[in-house]
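Visitor: Have a look at the structure that comes next, please.
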Amino acid sequence: MNEVRTRFAPSPTGYLHIGGLRTALYAYLIAKKNNGKFLLRIEDTDQDRFVEGAIEVIYKTLKLVGLQHDEGPDIGGPYGPYIQSERKPIYLKYAKELVERGGAYYCFCSKERLDQLREEAARNNTVFKYDGHCRNLSRDEVERRLQAGEPYVIRQKVPYTGTTSFHDELFGTITVENSTLEDGILIKSDGLPTYNFANVVDDHLMKINPVVRGSEYLSSTPKYNLIYESFGWEIPKYIHLAPVMKEPGKKLSKREGDASFEDFYNKGFLKEAIVNYVALLGWSPGDDREFFTMDELIEAFDIKGLSKSPAIFDINKMRWMNSEYIKKLSLEEFHKMALPYYKDAGLPDNMNLLRLSSLIQGRIEILSDIPDIVAFLKVMPEYEADLFVHKKSKTTLENSYENLAKAIEVLEMLEEWTEERIHQVLIDLITQLGVKNSQLLWPVRVAASGKLVTPGGAAEILGLLGKNESMRRLHIGLDKLKAALNL
RNA sequence: GCUCCCAUGGUCAAGUGGUCAAGACACCGCCCUCUCACGGCGGUAACAGGGGUUCGAAUCCCCUUGGGAGUGCCA
């Protein structure tokens, strides 16, 4: 049995899309599940699409999420180079061999001629298909035009009749009529191969098996098999993956800046949560488990659990999963991650931020939720007096005014300004007054925060704010109530 | 248009001829509670439609419909 070797073969066109990450993950899992190798190959045969720095983003991302490759451009390996543009001579050599073997031919058709054909096709409401103009040029003519330095491409010679089949581990056997296939270009006029040729040559030379890739390659796979056959190469196993879709209603677009791993990561999604969520998008372990470490994924992964239909990316569920990961963090770990956000929010340094972290850890889904939820600690929001009125807590403007005034009295006298003492003093007051907890605590919390919803209750907020700021805010609240009551 | 693929709740999905058709997210209700969240409990919600095969179909076959992909000197 041969070694299992899978590859992730992105083109350096920018950020790593979430669908690409999933493809890489599955390829990695398949390799590791079988004690095989996972390699990285850069498919940059389209020089027009090259984006500066894109390869580095790929390295960085794969490393960050723990999909460490065993062979690749940055670490080398026995089958390099691993960047296609550096393999240029290899492809040409094999293309020429393919011509000799009758699986390909030189084509001298100009761009203009092709465009004209395309136009005609459009006018006739049909689809352009290369007409085979150069398919049967004589050897001499080809030689003569090559000598003359005419620009050329090399095209695949697909049989006009018959059928071609291939077997996919997931989709089963798929058969197509050769007449629906086209004589695609293998070597471009710039001498570089197209993907259609490079992937076959590289996968063979790099001993890739199985070939794991998106299902968009399903319909061109017969053409690849024809190439393998012409060379007499062993055909690899195929595992085609159903795509990840954007939710129709909501846009998950590049424009919105939230379709790539990096964007999610920067928004405060934990890398483990992203990987975990993405793993479950199109794959199921067959049982109810839904939280996995990378090692657990390797253990649990089986291509039998792969789905054949497209999966819609649900940011909502990923947020939920992220919140679960946040809750699992130790307070210290979470605090460390939250700190930069506190800084951005401009919270005072002397505030007990560790305590704040413990209050918000269970209340946020992603890290970037933090600024909004803590903003009131820096600047007291504007609010209306009717915020004090809450039916469930049985508070009115009147009793809020009375109770808040009493709370201010006892707090004013409190020297040791700790959360515990504040709480104690307020509870004692409640007992003494014989009111419901909420009737006192509600107005205090509202006055302290100016908000309907806060992380933590009255005592926690007062504790965070410190005595000076607390008393200032409570008095503002009292004044608001006074004004509202026309006192 | 042509070719290929796919089809269980709004979403992710289990299910492989006999189940009251799992579970999760979201949503709703109740409990907890000084608010919200967390947590606990409960609920609404699905086999796209039509034909077959079979004693019996979500599971097998065909058609329709819907969705996806390919049809580039992109990958």
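Each chain in the structure tokens gets a letter, A, B and so on, in the order shown; residues start at 1 in every chain, and ligands are counted from 1 in the order they appear.
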I need the residues of stretch 165-271 of chain A that end up classed as strand (DSSP E) by DSSP on the backbone, written out as a list of chain:residue names.
Guide: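 In stretch 165-271 of chain A, DSSP puts these residues in strand (DSSP E): A:Ser165, A:Phe166, A:His167, A:Asp168, A:Gly172, A:Thr173, A:Ile174, A:Thr175, A:Val176, A:Glu177, A:Ile185, A:Leu186, A:Ile187, A:Val211, A:Val212, A:Arg213, A:Gly214, A:Tyr238, A:Ile239, A:His240, A:Leu241, A:Val244, A:Met245.
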Visitor: Just to be explicit: take each residue in the selection above, keep C-alpha atoms, and write the result as a PDB file, in the first residue's frame.
Guide:
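For reference, result-v6.pdb as written:
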```
ATOM      1  CA  SER A 165     -15.311   7.517 -16.804  1.00  0.00           C
ATOM      2  CA  PHE A 166     -13.671   8.166 -13.505  1.00  0.00           C
ATOM      3  CA  HIS A 167     -14.317   7.066  -9.987  1.00  0.00           C
ATOM      4  CA  ASP A 168     -14.744   9.439  -7.094  1.00  0.00           C
ATOM      5  CA  GLY A 172     -19.029   7.171  -7.280  1.00  0.00           C
ATOM      6  CA  THR A 173     -18.434   6.531 -10.945  1.00  0.00           C
ATOM      7  CA  ILE A 174     -19.088   9.395 -13.310  1.00  0.00           C
ATOM      8  CA  THR A 175     -19.189   8.978 -17.056  1.00  0.00           C
ATOM      9  CA  VAL A 176     -19.239  11.659 -19.718  1.00  0.00           C
ATOM     10  CA  GLU A 177     -19.400  11.713 -23.494  1.00  0.00           C
ATOM     11  CA  ILE A 185      -5.128  24.506 -23.627  1.00  0.00           C
ATOM     12  CA  LEU A 186      -2.353  22.751 -21.747  1.00  0.00           C
ATOM     13  CA  ILE A 187       0.540  25.119 -22.394  1.00  0.00           C
ATOM     14  CA  VAL A 211      -6.400  13.982  -4.911  1.00  0.00           C
ATOM     15  CA  VAL A 212      -8.595  16.116  -2.658  1.00  0.00           C
ATOM     16  CA  ARG A 213     -10.151  19.228  -4.176  1.00  0.00           C
ATOM     17  CA  GLY A 214     -13.362  21.173  -4.644  1.00  0.00           C
ATOM     18  CA  TYR A 238     -10.318  11.303  -6.171  1.00  0.00           C
ATOM     19  CA  ILE A 239     -12.185  12.941  -3.348  1.00  0.00           C
ATOM     20  CA  HIS A 240     -14.194  15.927  -4.498  1.00  0.00           C
ATOM     21  CA  LEU A 241     -15.614  18.236  -1.892  1.00  0.00           C
ATOM     22  CA  VAL A 244     -19.348  26.174   0.892  1.00  0.00           C
ATOM     23  CA  MET A 245     -21.979  28.717  -0.060  1.00  0.00           C
TER      24      MET A 245
END
```
Visitor: Report, in Å to a single decimal, how far apart atom CA of A:Gly282 and atom CA of A:Lys308 are.
Guide: 7.8 Å
Visitor: Set the distance at 12 Å and use only C-alpha atoms (C1' of nucleotides): which residues neighbour A:Ile208 once local chain neighbours fewer than 5 positions away are removed? I'd like the list as a ChimeraX atom specification.
Guide: /A:2-9,27,31,36-41,71,79,199-203,213,234-239
Visitor: Counting only C-alpha atoms (C1' of nucleotides), figure out which residue out of B:U44, B:U71, B:U19, B:U53 gets nearest to chain A.
Guide: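 The closest residue to chain A is B:U71.
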Visitor: Given only C-alpha atoms as the basis, pick out the residue of A:Ala24, A:Ala121, A:Val425, A:Ala405 nearest to A:Thr61.
Guide: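 The answer is A:Ala24, which sits nearest to A:Thr61.
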Visitor: Could you check the closest approach to chain B for each of A:Ser307, A:Gln68, A:Ser357, A:Asn276 and tell me which residue wins, using only C-alpha atoms (C1' of nucleotides)?
Guide: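 So, comparing all the options, the nearest one is A:Ser307.
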Visitor: Which one is closest to A:Arg319: A:Asp140, A:Asp190, A:Glu216, A:Asp369? Count only C-alpha atoms.
Guide: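 Selected residue with least distance to A:Arg319: A:Asp369.
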Visitor: From a backbone DSSP assignment, name each residue in stretch 63-290 of chain A labelled helix (DSSP H, G or I), as JSON, numbers by chain.
Guide: {"A": [63, 64, 65, 84, 85, 86, 87, 88, 89, 90, 91, 92, 93, 94, 95, 96, 97, 98, 99, 100, 111, 112, 113, 114, 115, 116, 117, 118, 119, 120, 121, 122, 123, 139, 140, 141, 142, 143, 144, 145, 146, 147, 178, 179, 180, 195, 196, 197, 198, 199, 200, 201, 202, 203, 204, 205, 215, 216, 217, 218, 219, 220, 221, 222, 223, 224, 225, 226, 227, 228, 229, 230, 231, 261, 262, 263, 264, 265, 266, 271, 272, 273, 274, 275, 276, 277, 278, 279]}
Visitor: Considering only C-alpha atoms (C1' of nucleotides), can you say which of B:G18, B:G72, B:G40, B:A7 comes closest to B:G56?
Guide: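 Under the stated criterion, the closest residue is B:G18.
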